[in-house]
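Source file: entry-v4.cif; contents: mmCIF, C-alpha atoms.
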```cif
data_run
loop_
_atom_site.label_atom_id
_atom_site.label_comp_id
_atom_site.auth_asym_id
_atom_site.auth_seq_id
_atom_site.Cartn_x
_atom_site.Cartn_y
_atom_site.Cartn_z
CA MET A 9 -35.43 55.44 -14.13
CA LYS A 10 -35.81 55.80 -10.34
CA GLU A 11 -33.30 58.55 -9.57
CA ILE A 12 -31.64 61.33 -11.54
CA ARG A 13 -28.96 63.90 -10.74
CA ILE A 14 -28.71 67.02 -12.88
CA PHE A 15 -26.72 70.24 -13.17
CA SER A 16 -29.00 73.26 -13.41
CA PRO A 17 -27.17 76.42 -14.54
CA ALA A 18 -27.25 80.06 -13.54
CA SER A 19 -28.79 82.68 -15.81
CA ILE A 20 -29.07 86.40 -16.43
CA ALA A 21 -32.48 87.99 -16.85
CA ASN A 22 -33.66 91.25 -18.38
CA LEU A 23 -30.43 92.01 -20.31
CA SER A 24 -31.06 95.72 -19.80
CA CYS A 25 -33.97 96.42 -22.14
CA GLY A 26 -35.94 93.16 -21.72
CA TYR A 27 -37.42 93.30 -18.21
CA ASP A 28 -39.19 89.97 -17.49
CA ILE A 29 -38.83 89.18 -21.22
CA LEU A 30 -35.21 88.27 -22.02
CA GLY A 31 -32.97 85.66 -20.43
CA VAL A 32 -29.67 83.95 -21.16
CA CYS A 33 -28.24 80.70 -19.81
CA LEU A 34 -24.76 80.72 -18.26
CA ASP A 35 -22.11 78.01 -18.22
CA LYS A 36 -20.44 76.13 -15.32
CA ILE A 37 -22.12 78.10 -12.50
CA GLY A 38 -25.15 76.28 -11.10
CA ASP A 39 -26.92 73.92 -8.70
CA GLU A 40 -26.79 70.13 -8.51
CA ILE A 41 -30.18 68.55 -7.91
CA THR A 42 -31.04 64.91 -7.22
CA VAL A 43 -34.64 63.73 -7.48
CA ARG A 44 -35.73 60.18 -6.66
CA LYS A 45 -39.06 58.38 -6.83
CA THR A 46 -40.69 57.23 -3.61
CA THR A 47 -43.61 54.89 -2.94
CA LYS A 48 -45.13 57.53 -0.65
CA ARG A 49 -47.11 60.10 -2.63
CA GLY A 50 -46.21 63.78 -2.46
CA ILE A 51 -43.05 65.85 -2.49
CA SER A 52 -40.37 66.31 0.14
CA ILE A 53 -37.12 68.26 0.12
CA LYS A 54 -34.78 66.02 2.11
CA LYS A 55 -31.54 67.99 2.01
CA ILE A 56 -30.24 71.42 0.99
CA THR A 57 -26.51 72.13 1.09
CA GLY A 58 -24.33 75.02 -0.05
CA TYR A 59 -26.58 77.74 1.33
CA GLU A 60 -29.24 77.70 4.03
CA LEU A 61 -32.78 77.65 2.66
CA SER A 62 -36.15 76.36 3.87
CA ASN A 63 -37.05 72.78 2.95
CA ASP A 64 -40.75 73.57 3.40
CA ILE A 65 -42.24 72.85 -0.02
CA SER A 66 -44.64 75.78 0.35
CA LEU A 67 -41.74 78.20 0.86
CA ASN A 68 -39.04 76.72 -1.39
CA VAL A 69 -39.02 77.48 -5.13
CA ALA A 70 -38.32 73.84 -6.00
CA GLY A 71 -41.24 72.64 -3.90
CA LEU A 72 -43.65 75.18 -5.40
CA ALA A 73 -42.61 74.34 -8.96
CA ALA A 74 -42.85 70.59 -8.38
CA SER A 75 -46.26 70.99 -6.73
CA ALA A 76 -47.54 73.01 -9.69
CA LEU A 77 -46.37 70.30 -12.08
CA LEU A 78 -47.93 67.42 -10.13
CA LYS A 79 -51.29 69.17 -9.94
CA ASN A 80 -51.43 68.80 -13.71
CA VAL A 81 -49.86 65.36 -14.24
CA LYS A 82 -51.12 62.10 -12.74
CA VAL A 83 -48.41 59.92 -11.19
CA ASN A 84 -48.49 56.86 -8.93
CA CYS A 85 -45.44 57.80 -6.85
CA GLY A 86 -43.88 60.59 -4.82
CA PHE A 87 -40.55 62.41 -5.07
CA GLU A 88 -37.66 63.28 -2.77
CA ILE A 89 -35.43 66.21 -3.69
CA ASP A 90 -31.83 66.97 -2.66
CA ILE A 91 -30.37 70.33 -3.68
CA HIS A 92 -26.77 71.47 -3.55
CA LYS A 93 -26.81 75.22 -4.08
CA GLY A 94 -23.91 76.41 -6.19
CA ILE A 95 -25.56 79.79 -6.74
CA LYS A 96 -25.92 82.16 -3.80
CA PRO A 97 -29.55 83.19 -3.21
CA GLY A 98 -30.08 86.89 -3.86
CA SER A 99 -27.06 87.15 -6.16
CA GLY A 100 -28.96 88.17 -9.29
CA ILE A 101 -27.83 85.24 -11.45
CA GLY A 102 -30.90 83.05 -11.20
CA SER A 103 -30.46 81.07 -8.00
CA SER A 104 -34.18 80.41 -7.59
CA ALA A 105 -34.64 79.64 -11.29
CA ALA A 106 -31.89 77.01 -11.23
CA SER A 107 -33.64 75.15 -8.39
CA SER A 108 -37.18 75.39 -9.77
CA ALA A 109 -36.28 74.65 -13.39
CA GLY A 110 -33.92 71.83 -12.45
CA THR A 111 -36.52 70.16 -10.25
CA VAL A 112 -39.33 70.12 -12.83
CA TYR A 113 -36.87 68.97 -15.51
CA ALA A 114 -35.77 66.05 -13.32
CA ILE A 115 -39.32 65.01 -12.42
CA ASN A 116 -40.33 65.14 -16.08
CA LYS A 117 -37.45 62.79 -16.94
CA LEU A 118 -38.44 60.36 -14.17
CA ILE A 119 -42.05 60.13 -15.37
CA GLY A 120 -41.21 59.53 -19.03
CA GLU A 121 -41.08 63.12 -20.38
CA PRO A 122 -44.77 63.81 -21.00
CA LEU A 123 -44.23 67.59 -20.82
CA SER A 124 -42.72 69.95 -23.39
CA ASP A 125 -40.09 72.61 -22.64
CA ASN A 126 -42.76 75.30 -22.76
CA GLN A 127 -44.92 73.45 -20.24
CA LEU A 128 -41.93 72.93 -17.93
CA ILE A 129 -41.09 76.64 -18.15
CA TYR A 130 -44.63 77.49 -17.13
CA PHE A 131 -44.51 75.22 -14.05
CA ALA A 132 -40.98 76.32 -13.12
CA SER A 133 -42.08 79.95 -13.22
CA LYS A 134 -44.62 79.16 -10.49
CA GLY A 135 -41.68 78.56 -8.17
CA GLU A 136 -40.49 82.13 -8.59
CA ILE A 137 -43.35 83.24 -6.33
CA ALA A 138 -41.30 82.10 -3.33
CA SER A 139 -38.36 84.39 -4.11
CA SER A 140 -39.95 87.36 -5.85
CA GLY A 141 -43.65 87.29 -5.03
CA THR A 142 -44.56 87.16 -8.72
CA ILE A 143 -44.49 84.71 -11.60
CA HIS A 144 -41.86 85.50 -14.23
CA ALA A 145 -40.23 83.17 -16.74
CA ASP A 146 -37.17 85.00 -18.09
CA ASN A 147 -34.64 83.04 -16.00
CA VAL A 148 -36.35 79.63 -16.07
CA SER A 149 -36.89 79.76 -19.84
CA ALA A 150 -33.17 80.29 -20.35
CA VAL A 151 -32.27 77.44 -17.99
CA LEU A 152 -34.66 74.96 -19.62
CA MET A 153 -34.10 75.94 -23.28
CA GLY A 154 -30.50 77.16 -23.16
CA GLY A 155 -29.07 80.15 -25.01
CA PHE A 156 -30.96 83.43 -25.23
CA THR A 157 -34.71 83.21 -24.69
CA PHE A 158 -37.68 85.52 -25.22
CA VAL A 159 -40.84 85.41 -23.11
CA ARG A 160 -43.71 86.53 -25.32
CA ASN A 161 -46.51 85.47 -22.96
CA SER A 162 -46.12 83.32 -19.85
CA SER A 163 -49.80 82.53 -19.36
CA GLU A 164 -50.02 81.30 -22.96
CA LYS A 165 -46.80 79.26 -22.50
CA ASP A 166 -45.24 81.16 -25.41
CA PHE A 167 -41.45 81.07 -25.05
CA ILE A 168 -38.97 81.47 -27.88
CA LYS A 169 -35.29 80.55 -28.23
CA LEU A 170 -33.33 83.21 -30.11
CA ASP A 171 -30.45 82.97 -32.54
CA TYR A 172 -27.26 84.70 -31.37
CA PRO A 173 -23.51 84.97 -32.12
CA ASN A 174 -21.50 82.10 -30.66
CA ASP A 175 -18.59 84.24 -29.46
CA LEU A 176 -20.43 86.23 -26.79
CA VAL A 177 -19.00 86.02 -23.26
CA PHE A 178 -20.31 87.53 -20.04
CA SER A 179 -18.12 89.11 -17.36
CA ILE A 180 -20.12 89.15 -14.14
CA ILE A 181 -19.16 90.76 -10.85
CA HIS A 182 -21.09 89.83 -7.75
CA PRO A 183 -20.54 92.17 -4.80
CA LYS A 184 -20.91 90.29 -1.51
CA ILE A 185 -24.14 91.96 -0.55
CA GLU A 186 -27.65 90.55 -0.86
CA ILE A 187 -30.56 92.20 -2.62
CA LYS A 188 -33.76 90.22 -2.25
CA THR A 189 -35.74 89.98 -5.47
CA LYS A 190 -38.95 90.99 -3.70
CA ASP A 191 -37.31 94.17 -2.44
CA SER A 192 -35.76 94.98 -5.80
CA ARG A 193 -39.08 94.54 -7.57
CA SER A 194 -40.92 96.63 -5.00
CA ILE A 195 -39.09 99.85 -5.90
CA ILE A 196 -39.92 99.69 -9.61
CA LYS A 197 -42.38 102.31 -10.82
CA ASN A 198 -45.77 101.05 -11.97
CA GLN A 199 -46.10 103.86 -14.49
CA VAL A 200 -43.55 105.11 -17.01
CA SER A 201 -43.55 107.88 -19.57
CA LEU A 202 -44.67 107.20 -23.12
CA ASN A 203 -41.28 108.32 -24.46
CA ASP A 204 -39.42 105.87 -22.21
CA MET A 205 -41.77 103.04 -23.20
CA ILE A 206 -41.21 103.78 -26.89
CA GLN A 207 -37.43 103.85 -26.57
CA GLN A 208 -37.37 100.72 -24.40
CA SER A 209 -39.51 98.86 -26.96
CA ALA A 210 -37.22 100.04 -29.75
CA ASN A 211 -34.13 98.83 -27.87
CA LEU A 212 -35.71 95.43 -27.19
CA GLY A 213 -36.70 94.89 -30.82
CA ALA A 214 -33.30 96.06 -32.04
CA LEU A 215 -31.44 93.77 -29.62
CA VAL A 216 -33.37 90.68 -30.75
CA HIS A 217 -32.66 91.60 -34.39
CA ALA A 218 -28.99 92.35 -33.64
CA LEU A 219 -28.48 88.97 -31.95
CA ASN A 220 -30.03 87.21 -34.92
CA LYS A 221 -27.96 89.13 -37.48
CA LYS A 222 -24.77 89.08 -35.37
CA ASP A 223 -24.66 92.85 -35.58
CA TYR A 224 -22.33 93.80 -32.73
CA GLU A 225 -22.65 97.55 -33.20
CA LEU A 226 -26.42 97.28 -32.94
CA ILE A 227 -26.11 95.04 -29.86
CA GLU A 228 -23.98 97.79 -28.31
CA ARG A 229 -26.53 100.49 -29.10
CA SER A 230 -29.49 98.40 -27.90
CA LEU A 231 -28.24 97.36 -24.45
CA ASP A 232 -29.85 100.42 -22.92
CA ASP A 233 -32.39 100.37 -20.09
CA ARG A 234 -34.44 103.55 -19.72
CA ILE A 235 -36.90 102.23 -17.14
CA ILE A 236 -35.57 99.70 -14.60
CA GLU A 237 -31.85 100.39 -14.32
CA PRO A 238 -32.14 104.05 -13.25
CA VAL A 239 -34.16 102.93 -10.22
CA ARG A 240 -32.42 99.69 -9.24
CA SER A 241 -28.86 100.93 -9.77
CA ILE A 242 -29.01 102.99 -6.56
CA LEU A 243 -28.95 99.67 -4.63
CA ILE A 244 -25.65 98.56 -6.20
CA PRO A 245 -22.37 100.08 -4.95
CA LYS A 246 -20.43 101.98 -7.64
CA PHE A 247 -22.72 100.75 -10.43
CA SER A 248 -22.16 103.78 -12.66
CA GLU A 249 -18.38 103.47 -12.34
CA ILE A 250 -18.44 99.75 -13.14
CA LYS A 251 -20.60 100.41 -16.19
CA SER A 252 -18.54 103.27 -17.59
CA SER A 253 -15.24 101.47 -16.93
CA SER A 254 -16.45 98.27 -18.60
CA ILE A 255 -17.64 100.05 -21.72
CA GLU A 256 -14.40 102.04 -21.93
CA ALA A 257 -12.53 98.72 -21.70
CA GLY A 258 -14.40 97.38 -24.73
CA ALA A 259 -17.58 95.73 -23.45
CA LEU A 260 -20.54 95.79 -25.83
CA GLY A 261 -22.74 96.79 -22.92
CA CYS A 262 -23.14 96.60 -19.17
CA GLY A 263 -26.19 96.29 -16.95
CA ILE A 264 -27.77 94.86 -13.82
CA SER A 265 -27.99 91.08 -13.79
CA GLY A 266 -31.57 90.23 -12.94
CA SER A 267 -32.56 92.08 -9.79
CA GLY A 268 -28.93 92.59 -8.76
CA PRO A 269 -26.58 93.05 -7.06
CA SER A 270 -24.53 91.27 -9.74
CA VAL A 271 -23.57 93.37 -12.75
CA PHE A 272 -22.91 91.89 -16.19
CA SER A 273 -20.78 93.12 -19.06
CA LEU A 274 -21.36 91.52 -22.46
CA CYS A 275 -18.19 91.04 -24.47
CA ARG A 276 -17.12 89.68 -27.81
CA GLY A 277 -14.74 86.82 -27.04
CA MET A 278 -13.12 85.48 -23.88
CA ASP A 279 -10.00 87.64 -24.19
CA GLN A 280 -12.10 90.80 -24.17
CA ALA A 281 -14.15 89.48 -21.26
CA LYS A 282 -10.98 88.95 -19.21
CA ILE A 283 -9.88 92.52 -19.87
CA VAL A 284 -13.27 93.85 -18.80
CA SER A 285 -13.32 91.71 -15.66
CA LYS A 286 -10.05 93.29 -14.54
CA VAL A 287 -11.47 96.81 -14.68
CA MET A 288 -14.61 95.65 -12.87
CA LYS A 289 -12.43 94.22 -10.10
CA LYS A 290 -10.52 97.47 -9.71
CA VAL A 291 -13.69 99.38 -8.86
CA TYR A 292 -14.45 97.19 -5.84
CA ASP A 293 -10.80 96.77 -4.87
CA LYS A 294 -10.62 100.54 -4.40
CA ILE A 295 -13.43 100.50 -1.84
CA LYS A 296 -12.41 97.15 -0.33
CA LEU A 297 -15.74 95.48 -1.09
CA ASP A 298 -15.64 91.68 -1.32
CA TYR A 299 -16.83 90.23 -4.62
CA GLU A 300 -16.84 87.22 -6.91
CA ILE A 301 -16.07 87.29 -10.63
CA HIS A 302 -17.60 84.89 -13.15
CA LEU A 303 -16.62 84.57 -16.80
CA SER A 304 -19.18 82.64 -18.80
CA LYS A 305 -19.84 81.70 -22.38
CA VAL A 306 -23.47 81.26 -23.37
CA ASN A 307 -24.70 77.78 -22.45
CA ASP A 308 -26.77 76.66 -25.43
CA LYS A 309 -27.91 73.35 -23.91
CA GLY A 310 -29.20 74.41 -20.50
CA ILE A 311 -29.67 71.68 -17.89
CA LYS A 312 -27.31 68.69 -18.06
CA ILE A 313 -27.87 65.16 -16.74
CA ILE A 314 -24.98 64.05 -14.51
CA ASP A 315 -26.16 60.49 -13.84
CA PHE A 316 -29.28 58.38 -13.34
CA SER A 317 -30.31 54.92 -12.22
#
```
What would the structure in this file look like if it were written as structure tokens?
Amino acid sequence: MKEIRIFSPASIANLSCGYDILGVCLDKIGDEITVRKTTKRGISIKKITGYELSNDISLNVAGLAASALLKNVKVNCGFEIDIHKGIKPGSGIGSSAASSAGTVYAINKLIGEPLSDNQLIYFASKGEIASSGTIHADNVSAVLMGGFTFVRNSSEKDFIKLDYPNDLVFSIIHPKIEIKTKDSRSIIKNQVSLNDMIQQSANLGALVHALNKKDYELIERSLDDRIIEPVRSILIPKFSEIKSSSIEAGALGCGISGSGPSVFSLCRGMDQAKIVSKVMKKVYDKIKLDYEIHLSKVNDKGIKIIDFS
């Protein structure tokens, strides 16, 4: 195999109570990435379309992730990367993760798959430094493993795929504003109260259990963020109204998608998700704020190969 083209999907991180711990892979929204072998050693990003981003490998998430991988695997070739961005950077649905995870996945395929999913997640998370200034694996784990994922310990490469109900659907509204991940992370408090930590831990444990047992009432009770959402929500127009309207319309829960500004509502079934998306739209229609709506089932497979040669 000399060249491969893949579809690398969007994702939602945190899921309210699981900051830097929980992720879920979305369907149909994503980047297309082509990676080809070259006789010249090293990595180059030849083309980026869709949105304007740097092709400097020291500044681009795909370049950083690929460089981290190749420092640990011996190869006798180089790689060229083309990226078509289908996810807007700064949207809160894993734009950087799609590029970094997709690139390391493609390189691993081209060199005969010597690396496991957990190793690829670790290298892909290195790319997140370019967008957020820190290493975190909640988005990239979901993209590479599919479904809902749990990050127990990134440095130990300990990532877990969770069981979950197969009828869950996300309604996502993306207001046409940009919140940079670095900025969104910078406002988070470094210290929290013991009571908030206890309740957040309880919600996280309960949500993982509820997904496994398909307990929708417990999912509803557990999608509660006591620590991050109260701070970040001030950056998102009409967040409280979107959340209350979505829950009144039947959503199991509603929260900030990743670092924002996108907001997700988790629903049981596509019909319910369509109802919820309509009430989300009404909030921004009233204030004449441009937005995009995404309806997505959970993507259990993650990255998909489009073609290769």
Item checked: Nearest-residue call for Ser103 in chain A, choices A:Ser52, A:Ser317, A:Asn68, A:Asn63, using all atoms listed in the file ->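 Closest to Ser103 in chain A, using all atoms listed in the file: A:Asn68.
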*Pull out every residue that the PyMOL selection byres ((chain A and resi 170-186) around 7) matches in the shown coordinates and put them as JSON, numbers by chain.*
{"A": [98, 99, 156, 157, 158, 168, 169, 187, 188, 219, 220, 222, 269, 270, 271, 272, 273, 274, 275, 276, 277, 278, 281, 284, 285, 288, 297, 298, 299, 300, 301, 302, 303, 304, 305, 306]}
I would like the residues chosen by the PyMOL selection byres ((chain A and resi 117) around 12) on the shown file; could you give them as an NGL selection string? :A and (9-14 or 42-45 or 110-116 or 118-125 or 128 or 311-313 or 315-317)
Keeping only C-alpha atoms, write the selected residues as a PDB file, in the frame of the given file.
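Contents of selection_27.pdb, as written:
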```pdb
ATOM      1  CA  MET A   9     -35.430  55.440 -14.130  1.00  0.00           C
ATOM      2  CA  LYS A  10     -35.810  55.800 -10.340  1.00  0.00           C
ATOM      3  CA  GLU A  11     -33.300  58.550  -9.570  1.00  0.00           C
ATOM      4  CA  ILE A  12     -31.640  61.330 -11.540  1.00  0.00           C
ATOM      5  CA  ARG A  13     -28.960  63.900 -10.740  1.00  0.00           C
ATOM      6  CA  ILE A  14     -28.710  67.020 -12.880  1.00  0.00           C
ATOM      7  CA  THR A  42     -31.040  64.910  -7.220  1.00  0.00           C
ATOM      8  CA  VAL A  43     -34.640  63.730  -7.480  1.00  0.00           C
ATOM      9  CA  ARG A  44     -35.730  60.180  -6.660  1.00  0.00           C
ATOM     10  CA  LYS A  45     -39.060  58.380  -6.830  1.00  0.00           C
ATOM     11  CA  GLY A 110     -33.920  71.830 -12.450  1.00  0.00           C
ATOM     12  CA  THR A 111     -36.520  70.160 -10.250  1.00  0.00           C
ATOM     13  CA  VAL A 112     -39.330  70.120 -12.830  1.00  0.00           C
ATOM     14  CA  TYR A 113     -36.870  68.970 -15.510  1.00  0.00           C
ATOM     15  CA  ALA A 114     -35.770  66.050 -13.320  1.00  0.00           C
ATOM     16  CA  ILE A 115     -39.320  65.010 -12.420  1.00  0.00           C
ATOM     17  CA  ASN A 116     -40.330  65.140 -16.080  1.00  0.00           C
ATOM     18  CA  LEU A 118     -38.440  60.360 -14.170  1.00  0.00           C
ATOM     19  CA  ILE A 119     -42.050  60.130 -15.370  1.00  0.00           C
ATOM     20  CA  GLY A 120     -41.210  59.530 -19.030  1.00  0.00           C
ATOM     21  CA  GLU A 121     -41.080  63.120 -20.380  1.00  0.00           C
ATOM     22  CA  PRO A 122     -44.770  63.810 -21.000  1.00  0.00           C
ATOM     23  CA  LEU A 123     -44.230  67.590 -20.820  1.00  0.00           C
ATOM     24  CA  SER A 124     -42.720  69.950 -23.390  1.00  0.00           C
ATOM     25  CA  ASP A 125     -40.090  72.610 -22.640  1.00  0.00           C
ATOM     26  CA  LEU A 128     -41.930  72.930 -17.930  1.00  0.00           C
ATOM     27  CA  ILE A 311     -29.670  71.680 -17.890  1.00  0.00           C
ATOM     28  CA  LYS A 312     -27.310  68.690 -18.060  1.00  0.00           C
ATOM     29  CA  ILE A 313     -27.870  65.160 -16.740  1.00  0.00           C
ATOM     30  CA  ASP A 315     -26.160  60.490 -13.840  1.00  0.00           C
ATOM     31  CA  PHE A 316     -29.280  58.380 -13.340  1.00  0.00           C
ATOM     32  CA  SER A 317     -30.310  54.920 -12.220  1.00  0.00           C
TER      33      SER A 317
END
```
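Applied to the shown file, the PyMOL selection byres ((chain A and resi 135) around 7) selects the residues Val69, Ala70, Leu72, Ala73, Ser108, Ala132, Ser133, Lys134, Glu136, Ile137 and Ala138 of chain A.
CA of Ser265 in chain A is found 11.4 Å from CA of Gly26 in chain A.
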Return range 238-264 of chain A, completed with N, CA and C atoms, as a PDB file, in the frame of the given file.
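Written file, result-v6.pdb:
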```
ATOM      1  N   PRO A 238     -32.293 102.807 -14.011  1.00  0.00           N
ATOM      2  CA  PRO A 238     -32.140 104.050 -13.250  1.00  0.00           C
ATOM      3  C   PRO A 238     -32.646 103.962 -11.820  1.00  0.00           C
ATOM      4  N   VAL A 239     -33.616 103.085 -11.564  1.00  0.00           N
ATOM      5  CA  VAL A 239     -34.160 102.930 -10.220  1.00  0.00           C
ATOM      6  C   VAL A 239     -33.338 101.921  -9.415  1.00  0.00           C
ATOM      7  N   ARG A 240     -33.089 100.758  -9.989  1.00  0.00           N
ATOM      8  CA  ARG A 240     -32.420  99.690  -9.240  1.00  0.00           C
ATOM      9  C   ARG A 240     -30.931  99.967  -9.017  1.00  0.00           C
ATOM     10  N   SER A 241     -30.308 100.742  -9.865  1.00  0.00           N
ATOM     11  CA  SER A 241     -28.860 100.930  -9.770  1.00  0.00           C
ATOM     12  C   SER A 241     -28.445 101.611  -8.473  1.00  0.00           C
ATOM     13  N   ILE A 242     -29.361 102.322  -7.819  1.00  0.00           N
ATOM     14  CA  ILE A 242     -29.010 102.990  -6.560  1.00  0.00           C
ATOM     15  C   ILE A 242     -28.730 101.970  -5.449  1.00  0.00           C
ATOM     16  N   LEU A 243     -29.172 100.717  -5.631  1.00  0.00           N
ATOM     17  CA  LEU A 243     -28.950  99.670  -4.630  1.00  0.00           C
ATOM     18  C   LEU A 243     -27.588  99.004  -4.779  1.00  0.00           C
ATOM     19  N   ILE A 244     -26.886  99.279  -5.874  1.00  0.00           N
ATOM     20  CA  ILE A 244     -25.650  98.560  -6.200  1.00  0.00           C
ATOM     21  C   ILE A 244     -24.458  99.507  -6.048  1.00  0.00           C
ATOM     22  N   PRO A 245     -23.527  99.196  -5.160  1.00  0.00           N
ATOM     23  CA  PRO A 245     -22.370 100.080  -4.950  1.00  0.00           C
ATOM     24  C   PRO A 245     -21.587 100.305  -6.242  1.00  0.00           C
ATOM     25  N   LYS A 246     -21.301 101.582  -6.529  1.00  0.00           N
ATOM     26  CA  LYS A 246     -20.430 101.980  -7.640  1.00  0.00           C
ATOM     27  C   LYS A 246     -20.910 101.467  -8.996  1.00  0.00           C
ATOM     28  N   PHE A 247     -22.221 101.298  -9.160  1.00  0.00           N
ATOM     29  CA  PHE A 247     -22.720 100.750 -10.430  1.00  0.00           C
ATOM     30  C   PHE A 247     -22.296 101.605 -11.619  1.00  0.00           C
ATOM     31  N   SER A 248     -22.466 102.896 -11.518  1.00  0.00           N
ATOM     32  CA  SER A 248     -22.160 103.780 -12.660  1.00  0.00           C
ATOM     33  C   SER A 248     -20.688 103.677 -13.046  1.00  0.00           C
ATOM     34  N   GLU A 249     -19.814 103.574 -12.049  1.00  0.00           N
ATOM     35  CA  GLU A 249     -18.380 103.470 -12.340  1.00  0.00           C
ATOM     36  C   GLU A 249     -18.043 102.133 -12.991  1.00  0.00           C
ATOM     37  N   ILE A 250     -18.668 101.068 -12.512  1.00  0.00           N
ATOM     38  CA  ILE A 250     -18.440  99.750 -13.140  1.00  0.00           C
ATOM     39  C   ILE A 250     -18.904  99.786 -14.591  1.00  0.00           C
ATOM     40  N   LYS A 251     -20.054 100.368 -14.832  1.00  0.00           N
ATOM     41  CA  LYS A 251     -20.600 100.410 -16.190  1.00  0.00           C
ATOM     42  C   LYS A 251     -19.719 101.228 -17.121  1.00  0.00           C
ATOM     43  N   SER A 252     -19.357 102.416 -16.718  1.00  0.00           N
ATOM     44  CA  SER A 252     -18.540 103.270 -17.590  1.00  0.00           C
ATOM     45  C   SER A 252     -17.164 102.664 -17.824  1.00  0.00           C
ATOM     46  N   SER A 253     -16.565 102.077 -16.791  1.00  0.00           N
ATOM     47  CA  SER A 253     -15.240 101.470 -16.930  1.00  0.00           C
ATOM     48  C   SER A 253     -15.278 100.260 -17.860  1.00  0.00           C
ATOM     49  N   SER A 254     -16.327  99.467 -17.750  1.00  0.00           N
ATOM     50  CA  SER A 254     -16.450  98.270 -18.600  1.00  0.00           C
ATOM     51  C   SER A 254     -16.601  98.644 -20.071  1.00  0.00           C
ATOM     52  N   ILE A 255     -17.422  99.633 -20.338  1.00  0.00           N
ATOM     53  CA  ILE A 255     -17.640 100.050 -21.720  1.00  0.00           C
ATOM     54  C   ILE A 255     -16.373 100.679 -22.292  1.00  0.00           C
ATOM     55  N   GLU A 256     -15.671 101.472 -21.487  1.00  0.00           N
ATOM     56  CA  GLU A 256     -14.400 102.040 -21.930  1.00  0.00           C
ATOM     57  C   GLU A 256     -13.375 100.955 -22.230  1.00  0.00           C
ATOM     58  N   ALA A 257     -13.467  99.833 -21.512  1.00  0.00           N
ATOM     59  CA  ALA A 257     -12.530  98.720 -21.700  1.00  0.00           C
ATOM     60  C   ALA A 257     -12.907  97.834 -22.878  1.00  0.00           C
ATOM     61  N   GLY A 258     -14.049  98.116 -23.525  1.00  0.00           N
ATOM     62  CA  GLY A 258     -14.400  97.380 -24.730  1.00  0.00           C
ATOM     63  C   GLY A 258     -15.618  96.502 -24.656  1.00  0.00           C
ATOM     64  N   ALA A 259     -16.351  96.530 -23.539  1.00  0.00           N
ATOM     65  CA  ALA A 259     -17.580  95.730 -23.450  1.00  0.00           C
ATOM     66  C   ALA A 259     -18.630  96.274 -24.413  1.00  0.00           C
ATOM     67  N   LEU A 260     -19.443  95.374 -24.959  1.00  0.00           N
ATOM     68  CA  LEU A 260     -20.540  95.790 -25.830  1.00  0.00           C
ATOM     69  C   LEU A 260     -21.615  96.522 -25.038  1.00  0.00           C
ATOM     70  N   GLY A 261     -21.756  96.163 -23.779  1.00  0.00           N
ATOM     71  CA  GLY A 261     -22.740  96.790 -22.920  1.00  0.00           C
ATOM     72  C   GLY A 261     -22.593  96.276 -21.509  1.00  0.00           C
ATOM     73  N   CYS A 262     -23.236  96.959 -20.572  1.00  0.00           N
ATOM     74  CA  CYS A 262     -23.140  96.600 -19.170  1.00  0.00           C
ATOM     75  C   CYS A 262     -24.463  96.927 -18.494  1.00  0.00           C
ATOM     76  N   GLY A 263     -24.923  96.050 -17.609  1.00  0.00           N
ATOM     77  CA  GLY A 263     -26.190  96.290 -16.950  1.00  0.00           C
ATOM     78  C   GLY A 263     -26.341  95.460 -15.690  1.00  0.00           C
ATOM     79  N   ILE A 264     -27.466  95.613 -15.038  1.00  0.00           N
ATOM     80  CA  ILE A 264     -27.770  94.860 -13.820  1.00  0.00           C
ATOM     81  C   ILE A 264     -28.201  93.452 -14.209  1.00  0.00           C
TER      82      ILE A 264
END
```
